[in-house]
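The file upload34.tsv comes next; it holds TSV, C-alpha atoms.
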chain	number	residue	atom	x	y	z
Y	1240	MET	CA	32.85	29.28	42.09
Y	1241	LEU	CA	29.39	28.66	40.66
Y	1242	LEU	CA	27.88	31.55	38.70
Y	1243	LEU	CA	24.09	31.63	38.47
Y	1244	LEU	CA	22.57	33.65	35.61
Y	1245	VAL	CA	18.96	34.78	35.29
Y	1246	ALA	CA	17.42	37.19	32.80
Y	1247	THR	CA	14.72	39.14	34.65
Y	1248	GLU	CA	14.11	40.75	38.01
Y	1249	ALA	CA	11.31	38.31	38.79
Y	1250	GLU	CA	13.67	35.38	38.17
Y	1251	LEU	CA	16.34	37.09	40.25
Y	1252	TRP	CA	14.06	37.34	43.28
Y	1253	ALA	CA	12.85	33.76	42.82
Y	1254	VAL	CA	16.40	32.40	42.83
Y	1255	ARG	CA	17.61	34.75	45.56
Y	1256	ARG	CA	14.98	33.35	47.93
Y	1257	ALA	CA	16.72	29.99	47.66
Y	1258	MET	CA	20.21	31.34	48.34
Y	1259	PRO	CA	21.80	31.00	51.78
Y	1260	ALA	CA	22.50	34.33	53.47
Y	1261	SER	CA	26.25	34.17	52.92
Y	1262	ARG	CA	27.83	32.08	50.21
Y	1263	GLN	CA	31.32	32.85	49.01
Y	1264	ASP	CA	31.29	30.09	46.38
Y	1265	VAL	CA	28.07	31.08	44.56
Y	1266	SER	CA	27.31	34.35	42.75
Y	1267	LEU	CA	23.98	35.39	41.22
Y	1268	LEU	CA	23.68	37.88	38.36
Y	1269	MET	CA	20.81	39.26	36.28
Y	1270	THR	CA	21.66	39.60	32.59
Y	1271	GLY	CA	18.56	41.30	31.24
Y	1272	MET	CA	16.54	39.82	28.39
Y	1273	GLY	CA	18.09	38.86	25.07
Y	1274	SER	CA	21.24	37.06	23.96
Y	1275	GLU	CA	23.22	40.26	23.44
Y	1276	ASN	CA	22.63	41.47	27.00
Y	1277	ALA	CA	23.34	38.01	28.42
Y	1278	SER	CA	26.55	37.68	26.41
Y	1279	PHE	CA	27.83	41.05	27.58
Y	1280	VAL	CA	27.14	40.33	31.25
Y	1281	LEU	CA	28.80	36.93	31.08
Y	1282	GLN	CA	31.90	38.35	29.41
Y	1283	GLN	CA	32.30	40.79	32.29
Y	1284	ALA	CA	31.51	38.16	34.91
Y	1285	LEU	CA	34.09	35.69	33.59
Y	1286	CYS	CA	36.79	38.29	34.19
Y	1287	GLN	CA	35.48	39.42	37.57
Y	1288	TYR	CA	34.38	36.16	39.20
Y	1289	LYS	CA	36.38	33.52	37.29
Y	1290	PRO	CA	33.68	30.86	37.79
Y	1291	THR	CA	34.42	27.17	37.43
Y	1292	ALA	CA	30.83	26.51	36.30
Y	1293	VAL	CA	27.87	28.50	35.05
Y	1294	LEU	CA	24.23	27.58	35.65
Y	1295	VAL	CA	21.53	29.32	33.64
Y	1296	LEU	CA	18.21	29.40	35.50
Y	1297	GLY	CA	14.90	30.96	34.57
Y	1298	LEU	CA	11.64	30.47	32.72
Y	1299	ALA	CA	11.00	29.13	29.24
Y	1300	GLY	CA	8.06	28.66	26.93
Y	1301	ALA	CA	7.02	25.18	25.86
Y	1302	LEU	CA	7.27	24.21	22.21
Y	1303	SER	CA	6.47	20.56	22.81
Y	1304	LYS	CA	2.83	19.86	23.61
Y	1305	ALA	CA	4.01	17.24	26.11
Y	1306	LEU	CA	5.44	19.88	28.46
Y	1307	THR	CA	3.29	21.36	31.21
Y	1308	VAL	CA	3.48	24.59	33.19
Y	1309	GLY	CA	5.84	24.14	36.13
Y	1310	GLU	CA	7.87	21.36	34.51
Y	1311	VAL	CA	11.65	21.68	34.57
Y	1312	VAL	CA	13.50	21.43	31.26
Y	1313	VAL	CA	17.21	20.68	31.30
Y	1314	TYR	CA	18.84	21.52	27.98
Y	1315	SER	CA	20.95	18.85	26.28
Y	1316	ALA	CA	21.74	21.32	23.48
Y	1317	CYS	CA	20.70	24.81	22.44
Y	1318	ARG	CA	20.03	26.22	18.96
Y	1319	ASP	CA	19.59	29.74	17.66
Y	1320	GLU	CA	17.42	31.16	14.88
Y	1321	LYS	CA	20.19	30.53	12.33
Y	1322	GLY	CA	20.36	26.82	13.10
Y	1323	ARG	CA	23.66	26.97	14.96
Y	1324	SER	CA	23.92	24.72	17.99
Y	1325	PHE	CA	25.92	24.09	21.17
Y	1326	SER	CA	25.88	20.99	23.32
Y	1327	VAL	CA	25.08	21.62	26.99
Y	1328	SER	CA	26.39	19.88	30.11
Y	1329	HIS	CA	23.30	18.15	31.49
Y	1330	LYS	CA	23.78	14.55	32.63
Y	1331	GLU	CA	24.81	15.32	36.22
Y	1332	VAL	CA	21.98	17.85	36.67
Y	1333	VAL	CA	19.39	15.44	35.27
Y	1334	THR	CA	20.61	12.53	37.39
Y	1335	TYR	CA	20.34	14.63	40.53
Y	1336	LEU	CA	16.96	16.21	39.77
Y	1337	ARG	CA	15.31	12.90	38.95
Y	1338	ASP	CA	15.72	11.96	42.60
Y	1339	THR	CA	13.64	15.02	43.59
Y	1340	PRO	CA	9.87	15.66	43.47
Y	1341	LEU	CA	10.25	17.96	40.46
Y	1342	ARG	CA	8.99	16.86	37.07
Y	1343	VAL	CA	11.98	16.97	34.72
Y	1344	SER	CA	12.38	16.65	30.94
Y	1345	VAL	CA	15.54	16.76	28.86
Y	1346	GLY	CA	15.82	18.14	25.36
Y	1347	VAL	CA	17.02	20.77	22.94
Y	1348	GLY	CA	16.30	24.42	23.73
Y	1349	LEU	CA	15.84	27.19	21.18
Y	1350	THR	CA	16.93	30.80	21.71
Y	1351	LEU	CA	15.11	33.47	19.70
Y	1352	PRO	CA	15.22	37.29	19.77
Y	1353	LYS	CA	11.49	37.44	20.52
Y	1354	MET	CA	8.70	35.86	22.52
Y	1355	VAL	CA	6.76	33.07	20.83
Y	1356	CYS	CA	3.10	33.72	21.60
Y	1357	SER	CA	0.97	31.70	19.16
Y	1358	THR	CA	0.27	27.99	19.20
Y	1359	TRP	CA	0.80	27.68	15.45
Y	1360	GLU	CA	4.32	29.14	15.70
Y	1361	LYS	CA	5.12	26.92	18.68
Y	1362	SER	CA	3.93	23.90	16.72
Y	1363	PHE	CA	6.14	24.87	13.78
Y	1364	LEU	CA	9.20	25.37	16.01
Y	1365	SER	CA	8.63	22.13	17.92
Y	1366	ALA	CA	10.43	20.29	15.12
Y	1367	GLU	CA	13.63	22.03	16.28
Y	1368	ALA	CA	13.35	22.10	20.08
Y	1369	ILE	CA	11.11	21.40	23.06
Y	1370	ALA	CA	11.41	24.80	24.77
Y	1371	VAL	CA	12.23	28.40	23.86
Y	1372	ASP	CA	13.96	31.29	25.62
Y	1373	MET	CA	15.77	34.51	24.70
Y	1374	GLU	CA	19.22	34.20	26.32
Y	1375	SER	CA	20.72	30.72	26.57
Y	1376	TYR	CA	22.45	30.50	23.19
Y	1377	GLY	CA	24.30	33.79	23.71
Y	1378	ILE	CA	25.56	32.58	27.08
Y	1379	LEU	CA	26.73	29.28	25.63
Y	1380	GLU	CA	28.51	31.06	22.79
Y	1381	VAL	CA	30.57	33.16	25.19
Y	1382	ALA	CA	31.26	30.25	27.53
Y	1383	SER	CA	32.45	28.04	24.68
Y	1384	ASN	CA	35.35	30.42	24.10
Y	1385	SER	CA	36.35	30.37	27.77
Y	1386	GLY	CA	36.19	26.66	28.47
Y	1387	VAL	CA	33.70	27.08	31.35
Y	1388	ALA	CA	31.03	24.39	31.61
Y	1389	VAL	CA	27.45	25.64	31.35
Y	1390	SER	CA	24.21	23.93	32.36
Y	1391	VAL	CA	20.74	25.24	31.57
Y	1392	ALA	CA	17.68	24.41	33.70
Y	1393	ARG	CA	14.47	26.32	33.06
Y	1394	VAL	CA	10.89	26.08	34.30
Y	1395	ILE	CA	8.05	26.06	31.78
Y	1396	SER	CA	5.85	29.14	32.28
Y	1397	ASP	CA	3.47	28.64	29.33
Y	1398	ASP	CA	2.43	25.52	27.45
Y	1399	ALA	CA	2.12	24.95	23.72
Y	1400	LEU	CA	-1.62	24.31	23.76
Y	1401	ARG	CA	-2.92	27.87	24.21
Y	1402	ASP	CA	-2.03	31.25	22.75
Y	1403	LEU	CA	-0.30	33.82	24.94
Y	1404	PRO	CA	-1.21	37.50	24.91
Y	1405	ASP	CA	0.65	38.98	21.96
Y	1406	LEU	CA	3.69	40.52	23.66
Y	1407	SER	CA	5.85	40.60	20.53
Y	1408	GLN	CA	5.40	44.35	20.17
Y	1409	ALA	CA	5.99	45.00	23.88
Y	1410	ILE	CA	9.72	44.26	23.77
Y	1411	THR	CA	11.88	47.28	22.97
Y	1412	PRO	CA	15.02	47.14	20.79
Y	1413	GLU	CA	17.01	47.07	24.06
Y	1414	TYR	CA	15.05	43.96	25.12
Y	1415	LYS	CA	13.08	45.66	27.85
Y	1416	LEU	CA	9.33	45.34	28.36
Y	1417	ASP	CA	7.21	48.37	27.50
Y	1418	SER	CA	4.72	48.42	30.40
Y	1419	TYR	CA	2.09	50.34	28.43
Y	1420	LYS	CA	2.17	47.86	25.53
Y	1421	VAL	CA	2.08	44.91	27.95
Y	1422	LEU	CA	-0.99	46.35	29.63
Y	1423	ARG	CA	-2.67	47.02	26.29
Y	1424	SER	CA	-2.03	43.45	25.19
Y	1425	PHE	CA	-3.36	42.07	28.47
Y	1426	LEU	CA	-6.53	44.15	28.26
Y	1427	SER	CA	-7.18	43.01	24.70
Y	1428	GLN	CA	-6.81	39.33	25.70
Y	1429	PRO	CA	-7.84	39.17	29.37
Y	1430	ILE	CA	-8.38	35.41	29.62
Y	1431	ALA	CA	-5.05	34.59	27.99
Y	1432	ALA	CA	-3.40	37.24	30.17
Y	1433	ALA	CA	-4.82	35.79	33.39
Y	1434	ARG	CA	-3.69	32.31	32.39
Y	1435	PHE	CA	-0.21	33.60	31.53
Y	1436	VAL	CA	0.20	35.52	34.80
Y	1437	HIS	CA	-0.92	32.47	36.78
Y	1438	GLY	CA	1.56	30.27	34.90
Y	1439	VAL	CA	4.43	32.66	35.50
Y	1440	GLY	CA	3.60	32.84	39.21
Y	1441	LYS	CA	3.53	29.06	39.52
Y	1442	SER	CA	6.74	28.60	37.57
Y	1443	LEU	CA	8.59	31.21	39.66
Y	1444	GLN	CA	7.71	29.29	42.81
Y	1445	ILE	CA	9.12	26.13	41.29
Y	1446	LEU	CA	12.18	28.07	40.13
Y	1447	THR	CA	12.91	28.87	43.78
Y	1448	VAL	CA	12.77	25.16	44.64
Y	1449	LEU	CA	14.92	24.26	41.64
Y	1450	ALA	CA	17.57	26.84	42.51
Y	1451	GLY	CA	17.70	25.68	46.12
Y	1452	LEU	CA	18.22	22.06	45.08
Y	1453	LEU	CA	20.96	22.82	42.58
Y	1454	VAL	CA	22.86	25.20	44.87
Y	1455	LYS	CA	22.69	22.59	47.62
Y	1456	ARG	CA	24.00	19.98	45.19
Y	1457	TYR	CA	26.88	22.22	44.10
Y	1458	SER	CA	27.81	22.83	47.74
Y	1459	ALA	CA	27.86	19.12	48.49
Y	1460	VAL	CA	30.01	18.33	45.45
Y	1461	SER	CA	32.41	21.18	46.30
Y	1462	LYS	CA	32.90	19.86	49.85
Y	1463	ASN	CA	33.57	16.35	48.58
Y	1464	ASN	CA	36.17	17.66	46.14
Y	1465	SER	CA	37.92	19.87	48.68
Could you spell out this file's structure in C-alpha coordinates?
Amino acid sequence: MLLLLVATEAELWAVRRAMPASRQDVSLLMTGMGSENASFVLQQALCQYKPTAVLVLGLAGALSKALTVGEVVVYSACRDEKGRSFSVSHKEVVTYLRDTPLRVSVGVGLTLPKMVCSTWEKSFLSAEAIAVDMESYGILEVASNSGVAVSVARVISDDALRDLPDLSQAITPEYKLDSYKVLRSFLSQPIAAARFVHGVGKSLQILTVLAGLLVKRYSAVSKNNS
(Lines of atoms letter the chains of each structure in order from A and count residues from 1; the text may use other names and numbers.)
(Lines give C-alpha, C1' and ligand atoms only; values in the text may rest on other atoms or scores of the structure.)
Protein backbone atom coordinates (compact mmCIF):
# COMPACT_ATOMS: atom_id res chain seq x y z
CA MET A 1 0.00 0.00 0.00
CA LEU A 2 1.10 3.55 -0.78
CA LEU A 3 0.45 6.11 1.96
CA LEU A 4 0.16 9.73 0.84
CA LEU A 5 0.76 12.41 3.49
CA VAL A 6 -0.15 16.09 3.25
CA ALA A 7 -0.08 18.75 5.95
CA THR A 8 -3.03 21.07 5.31
CA GLU A 9 -6.66 20.91 4.25
CA ALA A 10 -5.91 22.82 1.04
CA GLU A 11 -3.24 20.25 0.12
CA LEU A 12 -5.63 17.45 1.03
CA TRP A 13 -8.27 18.68 -1.40
CA ALA A 14 -5.69 19.28 -4.12
CA VAL A 15 -4.40 15.70 -3.87
CA ARG A 16 -7.85 14.18 -3.40
CA ARG A 17 -8.95 15.64 -6.74
CA ALA A 18 -6.32 13.46 -8.41
CA MET A 19 -7.35 10.25 -6.64
CA PRO A 20 -9.49 7.64 -8.39
CA ALA A 21 -12.88 7.11 -6.77
CA SER A 22 -11.96 3.75 -5.25
CA ARG A 23 -8.40 2.71 -4.59
CA GLN A 24 -7.65 -0.03 -2.11
CA ASP A 25 -3.87 0.28 -2.53
CA VAL A 26 -3.53 4.04 -1.84
CA SER A 27 -4.46 5.93 1.34
CA LEU A 28 -4.39 9.70 1.86
CA LEU A 29 -3.96 11.34 5.27
CA MET A 30 -3.66 14.91 6.52
CA THR A 31 -1.08 15.32 9.28
CA GLY A 32 -1.54 18.95 10.25
CA MET A 33 1.33 21.43 10.19
CA GLY A 34 4.59 20.83 12.03
CA SER A 35 6.94 17.89 12.49
CA GLU A 36 5.41 16.81 15.79
CA ASN A 37 1.92 16.49 14.32
CA ALA A 38 3.24 14.74 11.21
CA SER A 39 5.30 12.30 13.30
CA PHE A 40 2.32 11.39 15.46
CA VAL A 41 0.02 10.77 12.50
CA LEU A 42 2.59 8.62 10.73
CA GLN A 43 3.21 6.52 13.83
CA GLN A 44 -0.50 5.72 14.00
CA ALA A 45 -0.76 5.15 10.25
CA LEU A 46 2.13 2.68 10.16
CA CYS A 47 0.25 0.47 12.60
CA GLN A 48 -3.13 0.87 10.94
CA TYR A 49 -2.29 0.77 7.22
CA LYS A 50 1.09 -1.00 7.16
CA PRO A 51 2.21 0.85 4.01
CA THR A 52 5.01 -0.42 1.82
CA ALA A 53 5.90 3.14 0.79
CA VAL A 54 5.17 6.67 1.95
CA LEU A 55 4.95 9.70 -0.34
CA VAL A 56 4.99 13.17 1.19
CA LEU A 57 3.20 15.70 -1.01
CA GLY A 58 2.49 19.37 -0.48
CA LEU A 59 3.83 22.88 -0.85
CA ALA A 60 7.22 24.30 0.06
CA GLY A 61 8.92 27.67 0.09
CA ALA A 62 11.92 28.30 -2.14
CA LEU A 63 15.29 29.01 -0.55
CA SER A 64 17.18 28.87 -3.83
CA LYS A 65 16.67 31.89 -6.07
CA ALA A 66 16.70 29.52 -9.05
CA LEU A 67 13.36 27.96 -8.07
CA THR A 68 10.11 29.41 -9.40
CA VAL A 69 6.53 29.23 -8.19
CA GLY A 70 4.91 26.04 -9.46
CA GLU A 71 8.17 24.11 -9.79
CA VAL A 72 8.32 20.63 -8.29
CA VAL A 73 11.13 19.88 -5.85
CA VAL A 74 12.00 16.27 -5.12
CA TYR A 75 14.07 15.94 -1.97
CA SER A 76 17.33 13.99 -2.13
CA ALA A 77 17.83 14.58 1.60
CA CYS A 78 16.17 16.54 4.38
CA ARG A 79 17.72 18.49 7.25
CA ASP A 80 16.29 19.97 10.42
CA GLU A 81 17.16 23.13 12.36
CA LYS A 82 19.76 21.21 14.40
CA GLY A 83 21.69 20.11 11.32
CA ARG A 84 20.56 16.49 11.45
CA SER A 85 19.85 14.89 8.10
CA PHE A 86 18.14 11.93 6.43
CA SER A 87 18.62 10.71 2.89
CA VAL A 88 15.41 10.44 0.86
CA SER A 89 14.41 7.93 -1.82
CA HIS A 90 14.21 10.06 -4.96
CA LYS A 91 15.81 8.57 -8.08
CA GLU A 92 12.76 6.66 -9.32
CA VAL A 93 10.44 9.63 -8.75
CA VAL A 94 12.80 12.02 -10.53
CA THR A 95 13.31 9.68 -13.48
CA TYR A 96 9.56 9.35 -13.95
CA LEU A 97 8.71 13.05 -13.52
CA ARG A 98 11.33 14.20 -15.99
CA ASP A 99 9.31 12.52 -18.72
CA THR A 100 6.32 14.74 -17.82
CA PRO A 101 5.57 18.41 -18.59
CA LEU A 102 6.31 19.42 -14.99
CA ARG A 103 9.41 21.43 -14.18
CA VAL A 104 11.39 19.39 -11.66
CA SER A 105 14.43 20.11 -9.49
CA VAL A 106 16.24 17.83 -7.06
CA GLY A 107 17.93 18.91 -3.87
CA VAL A 108 18.09 19.04 -0.10
CA GLY A 109 15.00 20.16 1.80
CA LEU A 110 14.99 21.90 5.17
CA THR A 111 12.31 21.41 7.83
CA LEU A 112 11.81 24.23 10.34
CA PRO A 113 9.23 24.83 13.09
CA LYS A 114 8.17 28.11 11.45
CA MET A 115 7.45 29.79 8.15
CA VAL A 116 10.35 31.60 6.48
CA CYS A 117 8.95 34.89 5.22
CA SER A 118 11.86 37.24 4.50
CA THR A 119 14.23 37.18 1.55
CA TRP A 120 17.27 37.78 3.77
CA GLU A 121 16.49 34.70 5.89
CA LYS A 122 15.86 32.62 2.78
CA SER A 123 19.18 33.75 1.36
CA PHE A 124 20.95 32.78 4.59
CA LEU A 125 19.29 29.34 4.67
CA SER A 126 19.99 28.66 0.99
CA ALA A 127 23.47 27.50 1.97
CA GLU A 128 21.80 24.49 3.63
CA ALA A 129 18.92 23.60 1.30
CA ILE A 130 16.95 24.63 -1.76
CA ALA A 131 13.45 24.47 -0.24
CA VAL A 132 11.81 24.67 3.18
CA ASP A 133 8.78 23.06 4.81
CA MET A 134 7.50 22.28 8.31
CA GLU A 135 6.89 18.50 8.31
CA SER A 136 9.19 16.36 6.17
CA TYR A 137 12.01 15.75 8.64
CA GLY A 138 9.63 14.49 11.34
CA ILE A 139 8.09 12.05 8.88
CA LEU A 140 11.49 10.78 7.77
CA GLU A 141 12.59 10.34 11.37
CA VAL A 142 9.64 8.07 12.16
CA ALA A 143 9.92 6.16 8.89
CA SER A 144 13.63 5.50 9.42
CA ASN A 145 12.79 3.43 12.49
CA SER A 146 10.22 1.36 10.60
CA GLY A 147 12.15 0.59 7.44
CA VAL A 148 9.49 2.11 5.16
CA ALA A 149 10.79 3.99 2.14
CA VAL A 150 9.77 7.65 1.96
CA SER A 151 9.82 10.03 -1.00
CA VAL A 152 9.14 13.77 -0.78
CA ALA A 153 7.80 15.80 -3.71
CA ARG A 154 6.66 19.36 -3.06
CA VAL A 155 5.51 22.26 -5.22
CA ILE A 156 7.08 25.69 -4.70
CA SER A 157 4.42 28.17 -3.54
CA ASP A 158 6.67 31.20 -2.95
CA ASP A 159 10.02 32.15 -4.43
CA ALA A 160 13.13 33.48 -2.71
CA LEU A 161 13.12 36.83 -4.49
CA ARG A 162 10.27 38.58 -2.64
CA ASP A 163 9.19 38.84 0.98
CA LEU A 164 6.05 37.05 2.12
CA PRO A 165 3.52 38.61 4.48
CA ASP A 166 4.92 38.06 7.96
CA LEU A 167 2.97 35.00 9.10
CA SER A 168 5.45 33.97 11.77
CA GLN A 169 3.16 35.21 14.54
CA ALA A 170 0.06 33.64 12.99
CA ILE A 171 1.04 30.05 13.81
CA THR A 172 -0.15 28.87 17.21
CA PRO A 173 1.89 26.58 19.51
CA GLU A 174 -0.26 23.71 18.18
CA TYR A 175 0.82 24.61 14.62
CA LYS A 176 -2.54 25.93 13.53
CA LEU A 177 -3.11 29.21 11.70
CA ASP A 178 -4.73 32.03 13.67
CA SER A 179 -7.16 33.47 11.10
CA TYR A 180 -7.27 36.89 12.76
CA LYS A 181 -3.48 37.24 12.74
CA VAL A 182 -3.30 36.01 9.13
CA LEU A 183 -5.83 38.63 8.09
CA ARG A 184 -4.00 41.36 10.00
CA SER A 185 -0.74 40.41 8.31
CA PHE A 186 -2.38 40.38 4.89
CA LEU A 187 -3.95 43.80 5.43
CA SER A 188 -0.64 45.29 6.51
CA GLN A 189 1.12 43.93 3.39
CA PRO A 190 -1.60 43.73 0.71
CA ILE A 191 0.67 43.45 -2.34
CA ALA A 192 2.77 40.69 -0.80
CA ALA A 193 -0.42 38.98 0.37
CA ALA A 194 -1.98 39.04 -3.10
CA ARG A 195 1.19 37.63 -4.61
CA PHE A 196 1.35 34.89 -1.97
CA VAL A 197 -2.30 33.87 -2.41
CA HIS A 198 -1.85 33.73 -6.18
CA GLY A 199 1.27 31.57 -5.79
CA VAL A 200 -0.46 29.16 -3.43
CA GLY A 201 -3.40 28.83 -5.81
CA LYS A 202 -1.12 28.08 -8.75
CA SER A 203 0.97 25.60 -6.80
CA LEU A 204 -2.11 23.73 -5.53
CA GLN A 205 -3.26 23.22 -9.12
CA ILE A 206 0.13 21.77 -9.99
CA LEU A 207 0.03 19.64 -6.84
CA THR A 208 -3.12 18.00 -8.20
CA VAL A 209 -1.31 17.15 -11.44
CA LEU A 210 1.74 15.90 -9.55
CA ALA A 211 -0.33 13.65 -7.29
CA GLY A 212 -2.21 12.20 -10.25
CA LEU A 213 1.02 11.35 -12.06
CA LEU A 214 2.66 9.71 -9.06
CA VAL A 215 -0.41 7.68 -8.06
CA LYS A 216 -0.72 6.49 -11.65
CA ARG A 217 2.95 5.52 -11.63
CA TYR A 218 2.58 3.60 -8.36
CA SER A 219 -0.42 1.74 -9.78
CA ALA A 220 1.51 0.74 -12.90
CA VAL A 221 4.52 -0.47 -10.89
CA SER A 222 2.24 -2.43 -8.52
CA LYS A 223 0.56 -4.22 -11.43
CA ASN A 224 3.91 -5.13 -12.97
CA ASN A 225 5.11 -6.55 -9.66
CA SER A 226 1.95 -8.54 -8.99
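Residue nearest Gly1438 of chain Y within the list Y:Ala1382, Y:Val1454, Y:Leu1341, Y:Ala1299: Y:Ala1299 [criterion: smallest interatomic distance, all atoms listed in the file].
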Item to check | Counting only C-alpha atoms, the option among Y:Thr1358, Y:Glu1250, Y:Ser1326, Y:Leu1336 closest to Leu1400 of chain Y | outcome: Y:Thr1358
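For the pair atom CA of Asn1276 of chain Y and atom CA of Glu1374 of chain Y, the separation is 8.1 Å.
With atom CA of Gln1444 of chain Y on one side and atom CA of Trp1252 of chain Y on the other, the separation reads 10.3 Å.
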Item to check | Of the listed residues Y:Leu1403, Y:Arg1323, Y:Arg1456, Y:Ser1278, that which approaches His1437 of chain Y most closely, counting only C-alpha atoms | outcome: Y:Leu1403
Item to check | Spatial neighbours of Gly1271 of chain Y, 12 Å, all atoms listed in the file, chain gap at least 4 places, as JSON, numbers by chain | outcome: {"Y": [1244, 1245, 1246, 1247, 1248, 1249, 1250, 1251, 1275, 1276, 1277, 1278, 1279, 1280, 1281, 1297, 1373, 1374, 1375, 1378, 1410, 1413, 1414, 1415, 1416]}
Checklist entry - In Å, how far is it from atom CA of Ala1301 of chain Y to atom CA of Lys1455 of chain Y? => result 26.9 Å
